[in-house]
file start-v7.txt (compact mmCIF, C-alpha atoms and all ligand atoms)
# COMPACT_ATOMS: atom_id res chain seq x y z
CA MET E 1 -129.69 -71.21 138.03
CA GLY E 2 -132.06 -70.76 135.08
CA ALA E 3 -131.30 -69.39 131.67
CA ILE E 4 -131.02 -65.64 131.19
CA LEU E 5 -130.92 -65.99 127.40
CA GLU E 6 -132.63 -68.67 125.33
CA VAL E 7 -131.86 -68.83 121.64
CA LYS E 8 -133.85 -71.24 119.49
CA ASN E 9 -133.27 -72.05 115.82
CA LEU E 10 -131.81 -68.63 115.06
CA LYS E 11 -131.21 -68.02 111.35
CA LYS E 12 -129.71 -65.10 109.48
CA SER E 13 -128.61 -64.92 105.85
CA PHE E 14 -127.04 -62.20 103.75
CA GLY E 15 -127.96 -62.90 100.16
CA GLY E 16 -126.64 -66.41 99.57
CA ILE E 17 -124.52 -66.51 102.73
CA GLN E 18 -126.11 -68.29 105.66
CA ALA E 19 -124.24 -66.57 108.48
CA LEU E 20 -126.38 -68.33 111.13
CA LYS E 21 -127.86 -71.59 109.90
CA ASP E 22 -129.85 -72.86 112.86
CA VAL E 23 -128.36 -71.88 116.20
CA SER E 24 -129.88 -72.95 119.52
CA PHE E 25 -128.36 -72.63 122.96
CA ASP E 26 -129.05 -71.13 126.39
CA VAL E 27 -126.89 -68.86 128.49
CA ALA E 28 -127.17 -69.46 132.23
CA GLU E 29 -127.81 -66.61 134.63
CA GLY E 30 -124.47 -65.39 136.01
CA GLU E 31 -122.14 -67.29 133.72
CA ILE E 32 -119.30 -66.10 131.51
CA LEU E 33 -119.82 -67.85 128.20
CA GLY E 34 -116.99 -67.86 125.65
CA LEU E 35 -118.08 -67.73 122.01
CA ILE E 36 -115.27 -68.78 119.67
CA GLY E 37 -114.80 -69.91 116.09
CA PRO E 38 -112.97 -69.04 112.86
CA ASN E 39 -113.38 -65.66 111.20
CA GLY E 40 -116.66 -65.60 109.32
CA SER E 41 -118.24 -68.33 111.45
CA GLY E 42 -121.11 -66.07 112.54
CA LYS E 43 -120.08 -64.78 115.98
CA SER E 44 -120.67 -61.08 115.29
CA THR E 45 -123.82 -61.90 113.34
CA PHE E 46 -125.07 -63.73 116.42
CA VAL E 47 -124.45 -60.64 118.59
CA ASN E 48 -126.00 -58.33 116.01
CA THR E 49 -129.07 -60.53 115.62
CA VAL E 50 -129.62 -61.00 119.35
CA CYS E 51 -129.26 -57.27 120.04
CA GLY E 52 -131.71 -56.29 117.29
CA LEU E 53 -129.31 -54.71 114.81
CA TYR E 54 -130.16 -57.47 112.31
CA ARG E 55 -133.64 -58.93 111.99
CA PRO E 56 -133.46 -62.74 112.15
CA ASP E 57 -134.83 -64.79 109.22
CA GLY E 58 -136.15 -67.33 111.70
CA GLY E 59 -135.97 -68.47 115.30
CA GLN E 60 -136.56 -66.91 118.70
CA VAL E 61 -134.58 -65.05 121.32
CA ALA E 62 -135.88 -64.76 124.88
CA LEU E 63 -134.41 -62.77 127.76
CA ARG E 64 -135.49 -64.12 131.16
CA GLY E 65 -138.45 -65.77 129.46
CA LYS E 66 -139.57 -62.64 127.60
CA ASN E 67 -139.59 -62.86 123.81
CA ILE E 68 -137.31 -60.14 122.41
CA THR E 69 -137.01 -61.49 118.86
CA GLY E 70 -136.84 -58.75 116.27
CA LEU E 71 -137.07 -55.84 118.73
CA GLU E 72 -135.27 -52.61 117.82
CA PRO E 73 -131.74 -52.29 119.31
CA ALA E 74 -132.79 -49.56 121.76
CA MET E 75 -135.60 -51.79 123.07
CA VAL E 76 -133.23 -54.73 123.47
CA ALA E 77 -130.80 -52.47 125.35
CA ARG E 78 -133.61 -51.29 127.63
CA ALA E 79 -134.61 -54.91 128.21
CA GLY E 80 -131.12 -55.49 129.65
CA ILE E 81 -128.70 -56.55 126.89
CA ALA E 82 -125.69 -54.36 126.14
CA ARG E 83 -122.91 -55.07 123.66
CA THR E 84 -119.64 -53.72 122.36
CA PHE E 85 -118.82 -53.51 118.66
CA GLN E 86 -115.94 -55.43 117.10
CA ALA E 87 -114.96 -52.19 115.35
CA SER E 88 -115.20 -49.55 118.06
CA ARG E 89 -117.06 -46.41 117.09
CA PRO E 90 -117.10 -43.74 119.78
CA PHE E 91 -118.00 -40.14 118.94
CA LEU E 92 -114.43 -39.05 118.31
CA ASN E 93 -114.99 -35.41 119.04
CA LEU E 94 -116.73 -35.99 122.38
CA THR E 95 -115.05 -36.52 125.72
CA VAL E 96 -115.15 -39.88 127.47
CA LEU E 97 -117.83 -38.57 129.83
CA ASP E 98 -120.05 -37.28 127.02
CA ASN E 99 -119.65 -40.50 125.03
CA VAL E 100 -120.80 -42.53 127.99
CA ILE E 101 -123.66 -40.13 128.79
CA VAL E 102 -124.95 -40.55 125.22
CA SER E 103 -125.13 -44.31 125.81
CA ALA E 104 -126.67 -43.96 129.25
CA LEU E 105 -129.41 -41.75 127.78
CA LEU E 106 -130.71 -44.76 125.92
CA ASP E 107 -132.01 -46.04 129.22
CA GLU E 108 -132.48 -42.81 131.19
CA THR E 109 -134.55 -39.84 130.09
CA LEU E 110 -133.04 -37.46 132.66
CA VAL E 111 -129.59 -36.15 131.85
CA ASP E 112 -128.60 -35.99 135.54
CA ALA E 113 -129.45 -39.65 136.05
CA ALA E 114 -127.64 -40.58 132.82
CA GLU E 115 -124.58 -38.65 133.98
CA LYS E 116 -124.63 -40.45 137.32
CA ASN E 117 -124.71 -43.85 135.58
CA ALA E 118 -121.99 -42.69 133.19
CA ARG E 119 -119.69 -41.58 136.02
CA GLN E 120 -120.20 -44.87 137.83
CA ALA E 121 -119.39 -46.88 134.69
CA ILE E 122 -116.29 -44.75 134.06
CA GLU E 123 -115.06 -45.47 137.57
CA VAL E 124 -115.72 -49.22 137.28
CA ALA E 125 -113.90 -49.30 133.94
CA GLY E 126 -110.90 -47.47 135.40
CA LEU E 127 -111.21 -44.50 133.05
CA SER E 128 -111.64 -41.71 135.62
CA GLN E 129 -108.29 -40.24 134.68
CA TYR E 130 -109.52 -39.80 131.08
CA ILE E 131 -113.00 -38.53 131.86
CA ASN E 132 -112.45 -35.21 130.08
CA THR E 133 -110.26 -36.56 127.27
CA LYS E 134 -111.69 -36.52 123.75
CA SER E 135 -112.05 -40.09 122.60
CA CYS E 136 -109.93 -39.44 119.48
CA ASN E 137 -106.98 -38.85 121.83
CA LEU E 138 -107.33 -42.13 123.74
CA PRO E 139 -104.76 -44.91 123.34
CA VAL E 140 -106.15 -48.20 121.92
CA GLU E 141 -106.55 -49.91 125.28
CA LYS E 142 -108.50 -46.99 126.72
CA ARG E 143 -110.67 -46.79 123.64
CA LYS E 144 -111.59 -50.44 124.13
CA ARG E 145 -112.39 -49.63 127.74
CA LEU E 146 -114.57 -46.77 126.59
CA ASP E 147 -116.58 -49.25 124.48
CA LEU E 148 -117.05 -51.44 127.50
CA CYS E 149 -117.92 -48.43 129.59
CA ARG E 150 -120.64 -47.33 127.16
CA ALA E 151 -122.19 -50.79 127.43
CA LEU E 152 -121.88 -50.78 131.23
CA ALA E 153 -123.63 -47.43 131.54
CA LEU E 154 -126.80 -49.20 130.41
CA LYS E 155 -126.64 -51.30 133.59
CA PRO E 156 -127.11 -54.51 131.60
CA SER E 157 -128.05 -57.94 132.90
CA LEU E 158 -126.30 -59.48 129.89
CA LEU E 159 -123.16 -58.01 128.35
CA MET E 160 -121.88 -59.21 124.95
CA LEU E 161 -118.21 -58.40 124.35
CA ASP E 162 -117.17 -58.78 120.71
CA GLU E 163 -113.37 -59.02 120.52
CA VAL E 164 -112.96 -56.31 123.11
CA MET E 165 -109.40 -57.49 123.91
CA ALA E 166 -108.13 -57.44 120.31
CA GLY E 167 -104.92 -55.45 119.90
CA LEU E 168 -104.08 -55.36 123.60
CA ASN E 169 -100.70 -56.44 124.97
CA PRO E 170 -100.62 -59.30 127.53
CA LYS E 171 -100.62 -57.00 130.57
CA GLU E 172 -103.50 -54.91 129.21
CA MET E 173 -105.38 -58.11 128.44
CA GLU E 174 -104.84 -59.43 131.98
CA ASP E 175 -106.23 -56.16 133.34
CA GLY E 176 -109.16 -56.42 130.93
CA LEU E 177 -109.92 -59.96 132.07
CA ASP E 178 -109.86 -58.84 135.71
CA LEU E 179 -112.33 -56.11 134.83
CA VAL E 180 -114.69 -58.58 133.13
CA ARG E 181 -114.46 -60.83 136.21
CA ALA E 182 -115.30 -57.90 138.48
CA ILE E 183 -118.29 -56.97 136.32
CA ASN E 184 -119.46 -60.59 136.36
CA ARG E 185 -119.15 -60.69 140.17
CA GLN E 186 -121.60 -57.78 140.27
CA GLY E 187 -124.16 -60.16 138.76
CA VAL E 188 -123.76 -59.39 135.04
CA THR E 189 -123.89 -62.40 132.71
CA VAL E 190 -121.25 -62.18 129.96
CA ILE E 191 -120.87 -63.52 126.42
CA PHE E 192 -117.18 -63.16 125.56
CA ILE E 193 -115.92 -63.39 121.98
CA GLU E 194 -112.15 -63.69 121.69
CA HIS E 195 -109.46 -65.41 119.62
CA VAL E 196 -106.77 -65.66 122.34
CA MET E 197 -107.54 -69.08 123.79
CA LYS E 198 -105.56 -68.55 126.99
CA ALA E 199 -107.86 -65.63 127.77
CA VAL E 200 -110.97 -67.67 126.96
CA VAL E 201 -109.89 -70.62 129.12
CA SER E 202 -108.88 -68.45 132.06
CA LEU E 203 -112.09 -66.39 132.00
CA CYS E 204 -114.97 -68.52 130.78
CA HIS E 205 -117.11 -71.02 132.66
CA ARG E 206 -118.31 -72.54 129.40
CA VAL E 207 -117.46 -72.27 125.73
CA VAL E 208 -119.61 -72.47 122.59
CA VAL E 209 -117.86 -72.96 119.25
CA PHE E 210 -119.28 -71.75 115.94
CA ASP E 211 -118.22 -73.01 112.54
CA GLN E 212 -119.83 -71.85 109.29
CA GLY E 213 -122.94 -70.59 111.02
CA CYS E 214 -123.50 -73.76 113.07
CA MET E 215 -122.71 -74.74 116.63
CA LEU E 216 -119.83 -77.18 116.60
CA ALA E 217 -119.31 -77.69 120.33
CA ASP E 218 -120.61 -76.55 123.71
CA GLY E 219 -119.05 -77.40 127.05
CA GLU E 220 -116.39 -76.93 129.70
CA PRO E 221 -113.51 -74.86 128.22
CA HIS E 222 -110.68 -77.42 128.49
CA ALA E 223 -112.86 -80.23 127.14
CA VAL E 224 -114.00 -78.08 124.20
CA MET E 225 -110.41 -77.11 123.34
CA GLN E 226 -109.49 -80.76 123.15
CA ASP E 227 -112.49 -81.73 121.05
CA GLU E 228 -111.09 -83.07 117.77
CA ARG E 229 -113.67 -81.27 115.65
CA VAL E 230 -112.78 -77.95 117.28
CA VAL E 231 -109.06 -78.52 116.80
CA LYS E 232 -109.66 -79.39 113.15
CA ALA E 233 -112.05 -76.54 112.33
CA TYR E 234 -110.44 -73.77 114.32
CA LEU E 235 -107.49 -74.31 116.61
CA GLY E 236 -105.18 -76.32 114.36
CA GLY E 237 -101.86 -76.95 116.04
CA SER E 238 -101.79 -73.52 117.64
CA TYR E 239 -103.49 -74.28 120.94
CA LYS E 240 -101.46 -75.70 123.80
CA PRO E 241 -103.57 -76.49 126.87
CA CYS E 242 -102.19 -74.52 129.85
N1 LIG E 301 -123.78 -56.98 107.16
C1 LIG E 301 -123.38 -58.02 106.42
N2 LIG E 301 -123.63 -58.09 105.09
C2 LIG E 301 -123.23 -59.14 104.35
N3 LIG E 301 -122.57 -60.20 104.83
C3 LIG E 301 -122.30 -60.21 106.16
C4 LIG E 301 -122.68 -59.12 107.01
N4 LIG E 301 -122.28 -59.42 108.27
C5 LIG E 301 -121.67 -60.62 108.21
N5 LIG E 301 -121.68 -61.10 106.94
C6 LIG E 301 -121.14 -62.40 106.49
O1 LIG E 301 -121.62 -63.37 107.38
C7 LIG E 301 -120.60 -64.32 107.69
C8 LIG E 301 -120.36 -64.32 109.19
O2 LIG E 301 -119.69 -63.11 109.55
P1 LIG E 301 -119.45 -62.67 111.04
O3 LIG E 301 -120.69 -62.88 111.81
O4 LIG E 301 -118.88 -61.28 111.00
O5 LIG E 301 -118.35 -63.71 111.51
P2 LIG E 301 -117.34 -63.66 112.76
O6 LIG E 301 -117.74 -62.57 113.67
O7 LIG E 301 -117.43 -65.03 113.35
O8 LIG E 301 -115.98 -63.43 112.15
C9 LIG E 301 -119.39 -63.93 106.86
O9 LIG E 301 -119.42 -64.68 105.66
C10 LIG E 301 -119.62 -62.46 106.60
O10 LIG E 301 -119.00 -62.05 105.41
MG MG E 302 -116.72 -60.93 114.35

call {"tool": "encode", "arguments": {"input": "start-v7.txt", "output": "structure tokens"}}
result
Amino acid sequence: MGAILEVKNLKKSFGGIQALKDVSFDVAEGEILGLIGPNGSGKSTFVNTVCGLYRPDGGQVALRGKNITGLEPAMVARAGIARTFQASRPFLNLTVLDNVIVSALLDETLVDAAEKNARQAIEVAGLSQYINTKSCNLPVEKRKRLDLCRALALKPSLLMLDEVMAGLNPKEMEDGLDLVRAINRQGVTVIFIEHVMKAVVSLCHRVVVFDQGCMLADGEPHAVMQDERVVKAYLGGSYKPC
């Protein structure tokens, strides 16, 4: 299959900090790509730059061959890329349904159609039981699901999940991984950022490793985990291949 996302020579600095130095890689249509690396290595900056929240200092991003570099976030979302935020930020005073409708309205002008998409996403994400709960009253796991749900309501072709499993217990994480697999089986390509390597290895078809704003490795998950440079820069002695 061809590439859904092509990133070429992407650069982003904040003052003197080069968060992305010169990043180039493709994401294949239909794959689940793990994006890993130490804190501060540029993973969230990558997501924010691809989705239009940050304007790149250089480089190009193309979605299915269409140049989307520097488009506003709403335009990128309409083009088919949805993302979650590392720090979740739902409207705390709104119910789950209303939160998801607000997202869906980015891509739908009619409220009825947005509500239909929202209800579908809520069902897929397993949140039906909480549909009328205010998001401030959701437990952590469900709040993470709400983030995912808001992204899903945009009916994306590419979904970028930025540490969406952080803070979950092992059972909740297993359920979350199953949900990502189910979403992927529906034809959604996924970029998955996560620090728990067992989760990355069990979920991802391929892994890209960032270190200090550069790509350090790219390949099959087990091979990448055993790459000496990756062990040295990121994993240390903590990773035991399963
Ligand atoms: N909005 C911002 N303003 C200033 N510096 C930022 C901003 N976002 C990220 N950075 C810096 O860019 C580098 C990469 O950060 P980030 O992309 O959040 O890394 P990661 O997600 O891999 O932990 C860090 O040095 C971080 O402090
Ligand atoms: Mg981050």

call {"tool": "closest_atom_pairs", "arguments": {"input": "start-v7.txt", "of": "chain E", "to": "ligand MG 302 (chain E)", "cutoff": "8 Å", "atoms": "all atoms listed in the file", "output": "JSON lines"}}
result
{"residue": "E:Asn39", "atom": "CA", "partner": "E:MG302", "partner_atom": "MG", "distance": 6.6}
{"residue": "E:Gly40", "atom": "CA", "partner": "E:MG302", "partner_atom": "MG", "distance": 6.9}
{"residue": "E:Gly42", "atom": "CA", "partner": "E:MG302", "partner_atom": "MG", "distance": 7.0}
{"residue": "E:Lys43", "atom": "CA", "partner": "E:MG302", "partner_atom": "MG", "distance": 5.4}
{"residue": "E:Ser44", "atom": "CA", "partner": "E:MG302", "partner_atom": "MG", "distance": 4.1}
{"residue": "E:Thr45", "atom": "CA", "partner": "E:MG302", "partner_atom": "MG", "distance": 7.2}
{"residue": "E:Gln86", "atom": "CA", "partner": "E:MG302", "partner_atom": "MG", "distance": 6.2}
{"residue": "E:Asp162", "atom": "CA", "partner": "E:MG302", "partner_atom": "MG", "distance": 6.7}
{"residue": "E:Glu163", "atom": "CA", "partner": "E:MG302", "partner_atom": "MG", "distance": 7.3}

call {"tool": "closest_residue", "arguments": {"input": "start-v7.txt", "among": "E:Ala118, E:Leu203, E:Ile101, E:Leu161", "to": "ligand LIG 301 (chain E)", "atoms": "only C-alpha atoms and all ligand atoms"}}
result
E:Leu161

call {"tool": "residues_around", "arguments": {"input": "start-v7.txt", "residues": "segment 48-52 of chain E", "least_positions_apart": "2", "cutoff": "12 Å", "atoms": "all atoms listed in the file", "output": "ChimeraX atom specification"}}
result
/E:5-8,10-13,19-20,23-24,42-46,54-63,67-86,158-162,191

call {"tool": "closest_residue", "arguments": {"input": "start-v7.txt", "among": "E:Pro170, E:Gly219, E:Gly126, E:Gly2", "to": "Ala182 of chain E", "atoms": "all atoms listed in the file"}}
result
E:Gly126

call {"tool": "closest_residue", "arguments": {"input": "start-v7.txt", "among": "E:Asn184, E:Asn99, E:Thr189, E:Asn132", "to": "Val27 of chain E", "atoms": "all atoms listed in the file"}}
result
E:Thr189

call {"tool": "closest_residue", "arguments": {"input": "start-v7.txt", "among": "E:Gly37, E:Pro90, E:Gly187, E:Pro221", "to": "Val209 of chain E", "atoms": "only C-alpha atoms"}}
result
E:Gly37

call {"tool": "residues_around", "arguments": {"input": "start-v7.txt", "residues": "Val180 of chain E", "least_positions_apart": "3", "cutoff": "10 Å", "atoms": "all atoms listed in the file", "output": "PyMOL selection string"}}
result
chain E and resi 32+125+148+159+161+174-177+183-186+188-190+192+203

call {"tool": "closest_residue", "arguments": {"input": "start-v7.txt", "among": "E:Ala151, E:Ile36, E:Ser157, E:Ser41", "to": "Met225 of chain E", "atoms": "all atoms listed in the file"}}
result
E:Ile36

call {"tool": "closest_residue", "arguments": {"input": "start-v7.txt", "among": "E:Arg150, E:His195, E:Lys144, E:Lys171", "to": "ligand LIG 301 (chain E)", "atoms": "all atoms listed in the file"}}
result
E:His195

call {"tool": "atom_distance", "arguments": {"input": "start-v7.txt", "atom1": "atom CA of Glu194 of chain E", "atom2": "atom C8 of ligand LIG 301 (chain E)"}}
result
15.0 Å

call {"tool": "atom_distance", "arguments": {"input": "start-v7.txt", "atom1": "atom C5 of ligand LIG 301 (chain E)", "atom2": "atom CA of Val230 of chain E"}}
result
21.5 Å

call {"tool": "residues_around", "arguments": {"input": "start-v7.txt", "residues": "segment 128-130 of chain E", "least_positions_apart": "4", "cutoff": "9 Å", "atoms": "only C-alpha atoms", "output": "list in words"}}
result
Thr95, Val96, Leu97, Arg119, Ile122, Glu123, Val124, Lys134, Ser135, Leu138 and Lys142 of chain E
